[in-house]
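**Q** input05.cif is reproduced below (mmCIF, C-alpha atoms).
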data_input
#
loop_
_atom_site.group_PDB
_atom_site.id
_atom_site.type_symbol
_atom_site.label_atom_id
_atom_site.label_comp_id
_atom_site.auth_asym_id
_atom_site.auth_seq_id
_atom_site.Cartn_x
_atom_site.Cartn_y
_atom_site.Cartn_z
ATOM 1 C CA MET A 329 138.208 83.824 59.578
ATOM 2 C CA ASN A 330 140.532 85.861 57.388
ATOM 3 C CA ARG A 331 141.599 84.650 53.949
ATOM 4 C CA ILE A 332 145.100 83.518 54.965
ATOM 5 C CA ASP A 333 143.681 81.308 57.732
ATOM 6 C CA ARG A 334 141.038 79.969 55.344
ATOM 7 C CA LEU A 335 143.619 79.083 52.691
ATOM 8 C CA SER A 336 145.637 77.229 55.334
ATOM 9 C CA ALA A 337 142.522 75.380 56.480
ATOM 10 C CA ILE A 338 141.627 74.416 52.881
ATOM 11 C CA LEU A 339 145.156 73.077 52.430
ATOM 12 C CA ILE A 340 144.700 70.951 55.568
ATOM 13 C CA MET A 341 141.418 69.620 54.114
ATOM 14 C CA LEU A 342 143.260 68.629 50.939
ATOM 15 C CA GLN A 343 145.952 66.881 52.985
ATOM 16 C CA SER A 344 143.350 65.002 55.027
ATOM 17 C CA SER A 345 141.265 63.593 52.166
ATOM 18 C CA SER A 346 141.838 61.909 48.824
ATOM 19 C CA LEU A 347 139.240 64.176 47.173
ATOM 20 C CA VAL A 348 137.628 67.408 48.340
ATOM 21 C CA LYS A 349 134.621 68.814 46.487
ATOM 22 C CA ALA A 350 134.088 72.535 46.020
ATOM 23 C CA LYS A 351 130.675 72.398 47.712
ATOM 24 C CA ASP A 352 132.247 70.773 50.797
ATOM 25 C CA ILE A 353 134.724 73.640 51.066
ATOM 26 C CA ALA A 354 131.904 76.157 50.620
ATOM 27 C CA THR A 355 129.837 74.496 53.357
ATOM 28 C CA ARG A 356 132.772 74.180 55.751
ATOM 29 C CA PHE A 357 133.701 77.871 55.589
ATOM 30 C CA ASP A 358 130.271 79.317 54.756
ATOM 31 C CA ILE A 359 131.462 80.903 51.517
ATOM 32 C CA GLY A 360 130.192 80.926 47.936
ATOM 33 C CA LEU A 361 131.497 78.683 45.175
ATOM 34 C CA ARG A 362 133.109 81.621 43.381
ATOM 35 C CA THR A 363 135.140 82.336 46.506
ATOM 36 C CA VAL A 364 136.146 78.658 46.625
ATOM 37 C CA TYR A 365 137.391 78.822 43.024
ATOM 38 C CA ARG A 366 139.411 81.960 43.791
ATOM 39 C CA ASP A 367 140.939 80.332 46.876
ATOM 40 C CA VAL A 368 141.877 77.188 44.956
ATOM 41 C CA LYS A 369 143.532 79.315 42.257
ATOM 42 C CA ALA A 370 145.424 81.213 44.968
ATOM 43 C CA LEU A 371 146.806 77.914 46.278
ATOM 44 C CA GLU A 372 147.857 76.904 42.760
ATOM 45 C CA ASP A 373 149.517 80.302 42.214
ATOM 46 C CA ALA A 374 151.413 79.731 45.483
ATOM 47 C CA GLY A 375 152.904 76.523 44.057
ATOM 48 C CA ILE A 376 150.591 73.896 45.558
ATOM 49 C CA PRO A 377 150.177 71.157 42.886
ATOM 50 C CA LEU A 378 146.465 70.361 42.657
ATOM 51 C CA ALA A 379 144.678 67.812 40.504
ATOM 52 C CA GLY A 380 140.989 67.783 39.539
ATOM 53 C CA ASN A 381 138.489 70.494 38.759
ATOM 54 C CA SER A 382 135.467 72.317 40.129
ATOM 55 C CA GLY A 383 133.101 69.537 39.071
ATOM 56 C CA ALA A 384 134.930 66.378 40.168
ATOM 57 C CA GLY A 385 136.719 67.897 43.156
ATOM 58 C CA TYR A 386 140.298 68.686 44.100
ATOM 59 C CA SER A 387 143.203 66.667 45.464
ATOM 60 C CA LEU A 388 146.920 67.120 46.039
ATOM 61 C CA VAL A 389 149.087 65.605 43.310
ATOM 62 C CA GLU A 390 150.236 62.137 44.386
ATOM 63 C CA GLY A 391 153.670 62.192 45.988
ATOM 64 C CA PHE A 392 153.464 65.827 47.087
ATOM 65 C CA LYS A 393 154.307 66.170 50.762
ATOM 66 C CA LEU A 394 154.151 69.146 53.084
ATOM 67 C CA PRO A 395 156.309 69.672 56.162
ATOM 68 C CA PRO A 396 154.735 69.029 59.606
ATOM 69 C CA LEU A 397 152.082 71.598 60.465
ATOM 70 C CA MET A 398 152.191 73.725 63.597
ATOM 71 C CA PHE A 399 149.256 73.498 65.994
ATOM 72 C CA THR A 400 147.550 76.274 67.918
ATOM 73 C CA LYS A 401 147.094 75.976 71.670
ATOM 74 C CA GLU A 402 143.338 75.493 71.147
ATOM 75 C CA GLU A 403 143.985 72.620 68.716
ATOM 76 C CA ALA A 404 146.353 71.022 71.229
ATOM 77 C CA PHE A 405 143.621 71.243 73.898
ATOM 78 C CA ALA A 406 141.140 69.628 71.468
ATOM 79 C CA PHE A 407 143.498 66.645 71.051
ATOM 80 C CA LEU A 408 143.634 66.260 74.829
ATOM 81 C CA LEU A 409 139.845 66.356 75.207
ATOM 82 C CA ALA A 410 139.436 63.823 72.410
ATOM 83 C CA GLU A 411 141.969 61.528 74.086
ATOM 84 C CA LYS A 412 139.955 61.577 77.323
ATOM 85 C CA LEU A 413 136.731 60.680 75.492
ATOM 86 C CA VAL A 414 138.375 57.920 73.449
ATOM 87 C CA ASP A 415 139.791 56.432 76.650
ATOM 88 C CA GLN A 416 136.324 56.262 78.230
ATOM 89 C CA PHE A 417 134.051 55.398 75.334
ATOM 90 C CA THR A 418 136.021 52.968 73.157
ATOM 91 C CA ASP A 419 137.549 49.536 73.668
ATOM 92 C CA PHE A 420 141.171 48.526 74.259
ATOM 93 C CA GLY A 421 142.187 48.280 70.608
ATOM 94 C CA PHE A 422 141.032 51.792 69.780
ATOM 95 C CA LYS A 423 142.592 53.248 72.912
ATOM 96 C CA GLU A 424 145.962 51.853 71.925
ATOM 97 C CA SER A 425 145.612 52.928 68.285
ATOM 98 C CA TYR A 426 144.543 56.438 69.274
ATOM 99 C CA LYS A 427 147.381 56.821 71.767
ATOM 100 C CA SER A 428 149.834 55.683 69.108
ATOM 101 C CA GLY A 429 148.409 58.234 66.651
ATOM 102 C CA ILE A 430 148.330 61.064 69.175
ATOM 103 C CA ASP A 431 151.966 60.369 70.093
ATOM 104 C CA LYS A 432 152.877 60.922 66.437
ATOM 105 C CA ILE A 433 150.994 64.214 66.480
ATOM 106 C CA ARG A 434 152.723 65.276 69.697
ATOM 107 C CA ALA A 435 156.061 64.473 68.104
ATOM 108 C CA VAL A 436 155.641 67.406 65.662
ATOM 109 C CA MET A 437 154.231 69.808 68.255
ATOM 110 C CA GLN A 438 156.245 72.718 69.547
ATOM 111 C CA LEU A 439 157.574 72.540 73.092
ATOM 112 C CA ALA A 440 155.054 75.130 74.352
ATOM 113 C CA GLU A 441 152.147 73.054 73.006
ATOM 114 C CA LYS A 442 153.487 69.883 74.651
ATOM 115 C CA LYS A 443 153.863 71.658 77.987
ATOM 116 C CA SER A 444 150.292 73.013 77.756
ATOM 117 C CA ILE A 445 148.929 69.497 77.251
ATOM 118 C CA GLU A 446 151.055 68.081 80.086
ATOM 119 C CA LEU A 447 149.815 70.830 82.421
ATOM 120 C CA LEU A 448 146.149 70.110 81.688
ATOM 121 C CA ASN A 449 146.359 66.328 81.422
ATOM 122 C CA ASP A 450 145.479 65.604 85.066
ATOM 123 C CA LYS A 451 142.964 68.463 85.254
ATOM 124 C CA ILE A 452 140.495 66.986 82.761
ATOM 125 C CA ASP A 453 138.635 63.724 83.251
ATOM 126 C CA VAL A 454 135.465 61.929 82.179
ATOM 127 C CA MET A 455 132.988 60.354 84.590
ATOM 128 C CA HIS A 456 132.794 56.588 84.175
ATOM 129 C CA PHE A 457 129.603 55.150 82.703
ATOM 130 C CA HIS A 458 128.359 51.640 81.941
ATOM 131 C CA GLY A 459 129.501 51.898 78.338
ATOM 132 C CA ILE A 460 131.862 49.627 76.441
ATOM 133 C CA LYS A 461 132.877 46.507 78.347
ATOM 134 C CA PRO A 462 135.360 44.795 76.039
ATOM 135 C CA THR A 463 135.813 41.068 76.482
ATOM 136 C CA ALA A 464 139.271 39.599 76.963
ATOM 137 C CA ASN A 465 141.453 39.572 73.843
ATOM 138 C CA GLN A 466 138.647 41.031 71.750
ATOM 139 C CA ASP A 467 138.589 44.536 70.250
ATOM 140 C CA ILE A 468 134.918 44.756 69.358
ATOM 141 C CA LEU A 469 134.794 48.283 67.933
ATOM 142 C CA LYS A 470 137.944 47.851 65.886
ATOM 143 C CA ASP A 471 136.745 44.575 64.330
ATOM 144 C CA VAL A 472 133.297 46.015 63.577
ATOM 145 C CA LEU A 473 134.783 49.112 61.906
ATOM 146 C CA CYS A 474 137.123 46.954 59.828
ATOM 147 C CA GLY A 475 134.058 45.101 58.537
ATOM 148 C CA ILE A 476 132.331 48.397 57.697
ATOM 149 C CA ALA A 477 135.373 49.814 55.904
ATOM 150 C CA ASP A 478 136.120 46.617 53.927
ATOM 151 C CA LYS A 479 132.425 45.847 53.216
ATOM 152 C CA ARG A 480 133.094 42.421 54.719
ATOM 153 C CA ARG A 481 130.495 40.319 56.496
ATOM 154 C CA ILE A 482 131.048 39.682 60.172
ATOM 155 C CA GLN A 483 129.699 36.998 62.469
ATOM 156 C CA ILE A 484 128.901 37.974 66.028
ATOM 157 C CA THR A 485 127.992 36.239 69.260
ATOM 158 C CA TYR A 486 125.282 38.445 70.731
ATOM 159 C CA SER A 487 123.480 38.591 74.073
ATOM 160 C CA ASN A 488 120.089 40.333 73.860
ATOM 161 C CA TYR A 489 118.244 42.111 76.675
ATOM 162 C CA LYS A 490 116.855 38.728 77.823
ATOM 163 C CA GLN A 491 120.426 37.401 78.102
ATOM 164 C CA GLU A 492 119.740 34.992 75.225
ATOM 165 C CA ILE A 493 122.891 34.132 73.242
ATOM 166 C CA THR A 494 122.599 34.011 69.449
ATOM 167 C CA GLU A 495 124.980 33.813 66.487
ATOM 168 C CA ARG A 496 124.354 36.367 63.725
ATOM 169 C CA LYS A 497 125.943 36.969 60.346
ATOM 170 C CA LEU A 498 125.737 40.647 59.444
ATOM 171 C CA ASP A 499 126.460 43.216 56.759
ATOM 172 C CA PRO A 500 127.787 46.007 59.013
ATOM 173 C CA ILE A 501 126.589 49.428 57.837
ATOM 174 C CA GLY A 502 127.577 51.936 60.487
ATOM 175 C CA LEU A 503 128.048 52.842 64.152
ATOM 176 C CA PHE A 504 126.416 55.562 66.222
ATOM 177 C CA PHE A 505 126.860 56.746 69.804
ATOM 178 C CA SER A 506 123.875 57.505 72.024
ATOM 179 C CA LYS A 507 123.169 57.487 75.754
ATOM 180 C CA SER A 508 126.746 56.506 76.628
ATOM 181 C CA ASN A 509 126.613 53.467 74.338
ATOM 182 C CA TRP A 510 127.790 52.475 70.853
ATOM 183 C CA SER A 511 125.293 50.752 68.576
ATOM 184 C CA LEU A 512 125.799 48.922 65.292
ATOM 185 C CA VAL A 513 123.342 49.193 62.397
ATOM 186 C CA ALA A 514 123.556 46.101 60.192
ATOM 187 C CA TYR A 515 121.643 43.881 57.781
ATOM 188 C CA CYS A 516 120.949 40.571 59.552
ATOM 189 C CA ASP A 517 121.011 37.387 57.447
ATOM 190 C CA ILE A 518 118.744 35.593 59.937
ATOM 191 C CA ARG A 519 116.019 38.255 60.083
ATOM 192 C CA LYS A 520 116.493 39.313 56.448
ATOM 193 C CA ASP A 521 116.111 42.878 57.615
ATOM 194 C CA TYR A 522 118.021 45.766 59.175
ATOM 195 C CA ARG A 523 118.633 45.619 62.916
ATOM 196 C CA THR A 524 120.405 47.648 65.604
ATOM 197 C CA PHE A 525 122.816 45.866 67.954
ATOM 198 C CA ARG A 526 124.202 47.278 71.205
ATOM 199 C CA VAL A 527 127.993 46.950 70.936
ATOM 200 C CA GLY A 528 128.277 46.335 74.685
ATOM 201 C CA ARG A 529 126.241 43.131 74.209
ATOM 202 C CA ILE A 530 128.473 41.739 71.453
ATOM 203 C CA GLN A 531 130.632 39.053 73.021
ATOM 204 C CA HIS A 532 132.744 38.097 70.006
ATOM 205 C CA VAL A 533 133.285 39.308 66.445
ATOM 206 C CA TYR A 534 134.573 37.001 63.705
ATOM 207 C CA GLN A 535 135.782 38.356 60.372
ATOM 208 C CA THR A 536 134.546 36.236 57.458
ATOM 209 C CA SER A 537 135.981 35.948 53.952
ATOM 210 C CA GLU A 538 132.673 37.086 52.432
ATOM 211 C CA THR A 539 132.256 40.588 51.074
ATOM 212 C CA PHE A 540 128.889 42.203 50.386
ATOM 213 C CA GLU A 541 128.191 44.192 47.252
ATOM 214 C CA ASN A 542 124.652 45.207 48.187
ATOM 215 C CA GLU A 543 124.189 48.964 48.308
ATOM 216 C CA HIS A 544 122.606 49.502 51.706
ATOM 217 C CA PRO A 545 120.943 52.810 52.648
ATOM 218 C CA PRO A 546 123.234 55.400 54.291
ATOM 219 C CA LEU A 547 123.557 55.425 58.077
ATOM 220 C CA HIS A 548 121.855 58.811 58.528
ATOM 221 C CA SER A 549 118.598 57.437 57.083
ATOM 222 C CA PHE A 550 118.505 54.810 59.855
ATOM 223 C CA LEU A 551 119.253 57.405 62.526
ATOM 224 C CA LYS A 552 116.263 59.473 61.430
ATOM 225 C CA GLU A 553 114.029 56.416 61.794
ATOM 226 C CA ILE A 554 115.505 55.632 65.212
ATOM 227 C CA GLU A 555 114.788 59.181 66.366
ATOM 228 C CA LYS A 556 111.179 58.824 65.228
ATOM 229 C CA MET A 557 110.754 55.495 67.003
ATOM 230 C CA GLU A 558 112.325 56.713 70.227
ATOM 231 C CA GLY A 559 110.268 59.917 70.201
ATOM 232 C CA LEU A 560 112.956 62.596 70.459
ATOM 233 C CA HIS A 561 111.508 65.886 71.756
ATOM 234 C CA GLU A 562 112.907 69.414 71.698
ATOM 235 C CA VAL A 563 112.476 71.262 74.999
ATOM 236 C CA LEU A 564 113.104 74.951 75.760
ATOM 237 C CA ILE A 565 113.555 76.120 79.359
ATOM 238 C CA GLU A 566 114.021 79.751 80.446
ATOM 239 C CA VAL A 567 116.021 80.721 83.547
ATOM 240 C CA GLU A 568 117.231 84.058 84.890
ATOM 241 C CA LYS A 569 120.903 84.498 84.021
ATOM 242 C CA ALA A 570 121.794 85.080 87.667
ATOM 243 C CA LYS A 571 120.205 81.761 88.676
ATOM 244 C CA VAL A 572 121.606 79.428 86.009
ATOM 245 C CA SER A 573 124.374 78.424 88.414
ATOM 246 C CA LEU A 574 121.687 76.902 90.689
ATOM 247 C CA LEU A 575 120.989 74.204 88.104
ATOM 248 C CA ASP A 576 123.013 71.089 88.886
ATOM 249 C CA GLU A 577 125.378 69.417 86.433
ATOM 250 C CA ASN A 578 122.714 66.801 85.620
ATOM 251 C CA ARG A 579 121.319 69.174 83.020
ATOM 252 C CA PHE A 580 124.103 67.965 80.711
ATOM 253 C CA TYR A 581 122.906 64.371 81.119
ATOM 254 C CA GLU A 582 119.265 65.354 80.674
ATOM 255 C CA GLY A 583 119.945 66.220 77.018
ATOM 256 C CA LEU A 584 121.195 69.824 77.087
ATOM 257 C CA ILE A 585 122.318 70.869 73.596
ATOM 258 C CA TYR A 586 123.275 74.503 74.179
ATOM 259 C CA GLU A 587 122.481 77.604 76.253
ATOM 260 C CA GLU A 588 121.401 80.844 74.577
ATOM 261 C CA GLU A 589 121.719 84.173 76.404
ATOM 262 C CA LYS A 590 118.944 86.718 75.843
ATOM 263 C CA GLY A 591 119.414 89.840 77.940
ATOM 264 C CA ASP A 592 119.149 88.915 81.622
ATOM 265 C CA ARG A 593 117.770 85.454 80.825
ATOM 266 C CA VAL A 594 119.158 82.187 79.441
ATOM 267 C CA ILE A 595 117.262 79.795 77.152
ATOM 268 C CA LEU A 596 118.330 76.179 77.618
ATOM 269 C CA HIS A 597 117.788 73.918 74.601
ATOM 270 C CA PHE A 598 117.299 70.201 75.322
ATOM 271 C CA MET A 599 116.657 67.117 73.188
ATOM 272 C CA VAL A 600 114.983 64.466 75.366
ATOM 273 C CA PHE A 601 113.510 61.003 74.888
ATOM 274 C CA SER A 602 111.088 60.938 77.833
ATOM 275 C CA LEU A 603 109.022 64.010 78.667
ATOM 276 C CA GLU A 604 107.730 62.413 81.874
ATOM 277 C CA ARG A 605 111.279 61.782 83.123
ATOM 278 C CA PHE A 606 112.319 65.298 82.168
ATOM 279 C CA ALA A 607 109.269 66.737 83.926
ATOM 280 C CA ARG A 608 110.406 65.118 87.180
ATOM 281 C CA TRP A 609 113.797 66.803 86.800
ATOM 282 C CA CYS A 610 112.089 70.152 86.063
ATOM 283 C CA LEU A 611 110.117 69.952 89.303
ATOM 284 C CA SER A 612 113.366 70.410 91.240
ATOM 285 C CA TYR A 613 113.665 73.892 89.708
ATOM 286 C CA ILE A 614 110.027 74.922 89.432
ATOM 287 C CA ASP A 615 110.720 78.174 91.332
ATOM 288 C CA ILE A 616 113.436 79.404 88.936
ATOM 289 C CA ALA A 617 112.777 77.707 85.580
ATOM 290 C CA ARG A 618 109.953 78.417 83.127
ATOM 291 C CA ILE A 619 108.972 75.912 80.416
ATOM 292 C CA LEU A 620 108.674 77.620 77.039
ATOM 293 C CA SER A 621 107.896 74.515 75.000
ATOM 294 C CA PRO A 622 106.447 72.032 74.347
ATOM 295 C CA ASP A 623 103.023 72.483 75.921
ATOM 296 C CA VAL A 624 102.761 68.748 76.545
ATOM 297 C CA LEU A 625 105.695 69.039 78.979
ATOM 298 C CA LYS A 626 103.790 71.706 80.919
ATOM 299 C CA GLY A 627 100.929 69.201 81.147
ATOM 300 C CA GLU A 628 103.294 66.511 82.474
ATOM 301 C CA VAL A 629 104.561 68.844 85.211
ATOM 302 C CA THR A 630 101.015 69.884 86.161
ATOM 303 C CA SER A 631 99.950 66.227 86.330
ATOM 304 C CA LEU A 632 102.846 65.379 88.664
ATOM 305 C CA LEU A 633 102.026 68.344 90.887
ATOM 306 C CA ASN A 634 98.378 67.287 91.114
ATOM 307 C CA LYS A 635 99.410 63.772 92.076
ATOM 308 C CA GLY A 636 101.615 65.189 94.824
ATOM 309 C CA ASN A 637 98.783 67.308 96.222
ATOM 310 C CA LYS A 638 96.780 64.136 96.941
ATOM 311 C CA TYR A 639 99.157 63.154 99.724
#
Do you think you could lay out the structure here as structure tokens?

**A**
Amino acid sequence: MNRIDRLSAILIMLQSSSLVKAKDIATRFDIGLRTVYRDVKALEDAGIPLAGNSGAGYSLVEGFKLPPLMFTKEEAFAFLLAEKLVDQFTDFGFKESYKSGIDKIRAVMQLAEKKSIELLNDKIDVMHFHGIKPTANQDILKDVLCGIADKRRIQITYSNYKQEITERKLDPIGLFFSKSNWSLVAYCDIRKDYRTFRVGRIQHVYQTSETFENEHPPLHSFLKEIEKMEGLHEVLIEVEKAKVSLLDENRFYEGLIYEEEKGDRVILHFMVFSLERFARWCLSYIDIARILSPDVLKGEVTSLLNKGNKY
């Protein structure tokens, strides 16, 4: 990224947040702090009124407004992709709010960008999964996020995996998305401990008048524990570049993170929860795929092959 593009991107960061720290800018653009300070000074020299300093962070002076920004074609495509995902993986309230927001963004787009989105709109779709099933007149995700943002306790009607209905009062901490489902991490007043709740099993959410001042641990600390409990494994598979097309699209649902080309071969990086389940998928491609790691997966495949030889 050249400096002009980076300065524009930093300005967008400042518009999008009430406070931007120098280290966040450095991380975002992979530059040193000295470069950040020079870029900030360049913005000030160009007439952008900034408040703050290198220690506390930077922000645009209150009341300063910039004209609508122009979008690139790639950014317009990103909005379209995001709209498709929001439509599939959120509830009614968020779909409506997102569509309202995206309409405002489209309103400041150039005609060429609008036409590009219209052309692609019916050429991109998302397969339907058993994800969010919002109940009538209830916007579960929206109400949960309001509780998180306002640090306000919520009361939920919850159906567990045994179909038992319970009432819980919670301090909502955060949401995460995994395996086509949203989950809520919260402190439960009944259990006096932290619990994870599948959003699809929440039947009703009630906003209470109680706020919570307790400083709960950050969401990422819970996610690390969840990964440990669920036994997330990294898997590397090697396939000849000419034969990658023989792998079916299920590889994306088996936990594929990215594909890395190395000469005439491709290394597929997966993150999987069940090595036994993944081994069964691997058996379909045993003639073209080679397991690089972990060794325990090789053992799972060998075990399945030995079982098959008995019949």

**Q** Under the rule that only C-alpha atoms are counted, which of A:Val364, A:Leu625, A:Ile452, A:Met329 is the nearest residue to Leu603 in chain A?

**A**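 Going through A:Val364, A:Leu625, A:Ile452, A:Met329 one by one, the smallest distance to Leu603 in chain A is for A:Leu625.
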
**Q** So how far away is CA of Pro500 in chain A from CA of Phe422 in chain A, in Å?

**A**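 CA of Pro500 in chain A lies 18.0 Å from CA of Phe422 in chain A.
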
**Q** With all atoms listed in the file as the counted atoms, please give the residues lying no more than 9 Å from range 511-518 of chain A, apart from itself and same-chain residues fewer than 6 positions off, as a list in words.

**A**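 Within the cut-off, the hits are Val472, Arg496, Lys497, Leu498, Asp499, Pro500, Ile501, Gly502, Leu503, Phe504, Phe505, Thr524, Phe525, Arg526, Val527, Gly528, His544, Leu547 and Phe550 of chain A.
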
**Q** Can you spit out the residues from that selection as a PDB file, keeping the file's coordinate frame, using C-alpha atoms?

**A**
ATOM      1  CA  VAL A 472     133.297  46.015  63.577  1.00  0.00           C
ATOM      2  CA  ARG A 496     124.354  36.367  63.725  1.00  0.00           C
ATOM      3  CA  LYS A 497     125.943  36.969  60.346  1.00  0.00           C
ATOM      4  CA  LEU A 498     125.737  40.647  59.444  1.00  0.00           C
ATOM      5  CA  ASP A 499     126.460  43.216  56.759  1.00  0.00           C
ATOM      6  CA  PRO A 500     127.787  46.007  59.013  1.00  0.00           C
ATOM      7  CA  ILE A 501     126.589  49.428  57.837  1.00  0.00           C
ATOM      8  CA  GLY A 502     127.577  51.936  60.487  1.00  0.00           C
ATOM      9  CA  LEU A 503     128.048  52.842  64.152  1.00  0.00           C
ATOM     10  CA  PHE A 504     126.416  55.562  66.222  1.00  0.00           C
ATOM     11  CA  PHE A 505     126.860  56.746  69.804  1.00  0.00           C
ATOM     12  CA  THR A 524     120.405  47.648  65.604  1.00  0.00           C
ATOM     13  CA  PHE A 525     122.816  45.866  67.954  1.00  0.00           C
ATOM     14  CA  ARG A 526     124.202  47.278  71.205  1.00  0.00           C
ATOM     15  CA  VAL A 527     127.993  46.950  70.936  1.00  0.00           C
ATOM     16  CA  GLY A 528     128.277  46.335  74.685  1.00  0.00           C
ATOM     17  CA  HIS A 544     122.606  49.502  51.706  1.00  0.00           C
ATOM     18  CA  LEU A 547     123.557  55.425  58.077  1.00  0.00           C
ATOM     19  CA  PHE A 550     118.505  54.810  59.855  1.00  0.00           C
TER      20      PHE A 550
END

**Q** Once the PyMOL selection byres ((chain A and resi 579-589) around 9) has been applied to the shown file, what residues remain in the selection, as a list in words?

**A** Lys507, Lys569, Leu575, Asp576, Glu577, Asn578, Lys590, Gly591, Asp592, Arg593, Val594, Ile595, Leu596, His597, Phe598, Met599, Val600, Phe601, Phe606 and Trp609 of chain A

**Q** Quick one: which residues end up in the PyMOL selection byres ((chain A and resi 343) around 9) for this structure, as a PyMOL selection string?

**A** chain A and resi 338-342+344-346+387-388+393-394

**Q** Do you know which residues are at most 12 Å from Ser425 in chain A counting only C-alpha atoms, after dropping those on the same chain fewer than 3 positions away, and could you put them as a ChimeraX atom specification?

**A** /A:411,414-415,418-422,428-432,467,469-470

**Q** Show me, as lines of an AutoDock Vina configuration file, the centre and edge lengths in Å to one decimal of the axis-aligned box that covers every listed atom of range 524-542 of chain A with 4 Å on each side.

**A**
center_x = 128.2
center_y = 41.8
center_z = 61.0
size_x = 23.6
size_y = 19.7
size_z = 35.4

**Q** Measuring atom to atom with all atoms listed in the file, identify which of A:Leu347, A:Val629, A:Ile433, A:Ile376 is nearest to Phe407 in chain A.

**A**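 The answer is A:Ile433, which sits nearest to Phe407 in chain A.
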
**Q** Which of these residues is nearest to Arg362 in chain A, using only C-alpha atoms: A:Ser549, A:Ser382, A:Ser506, A:Ser444?

**A**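 Closest residue, counting only C-alpha atoms: A:Ser382.
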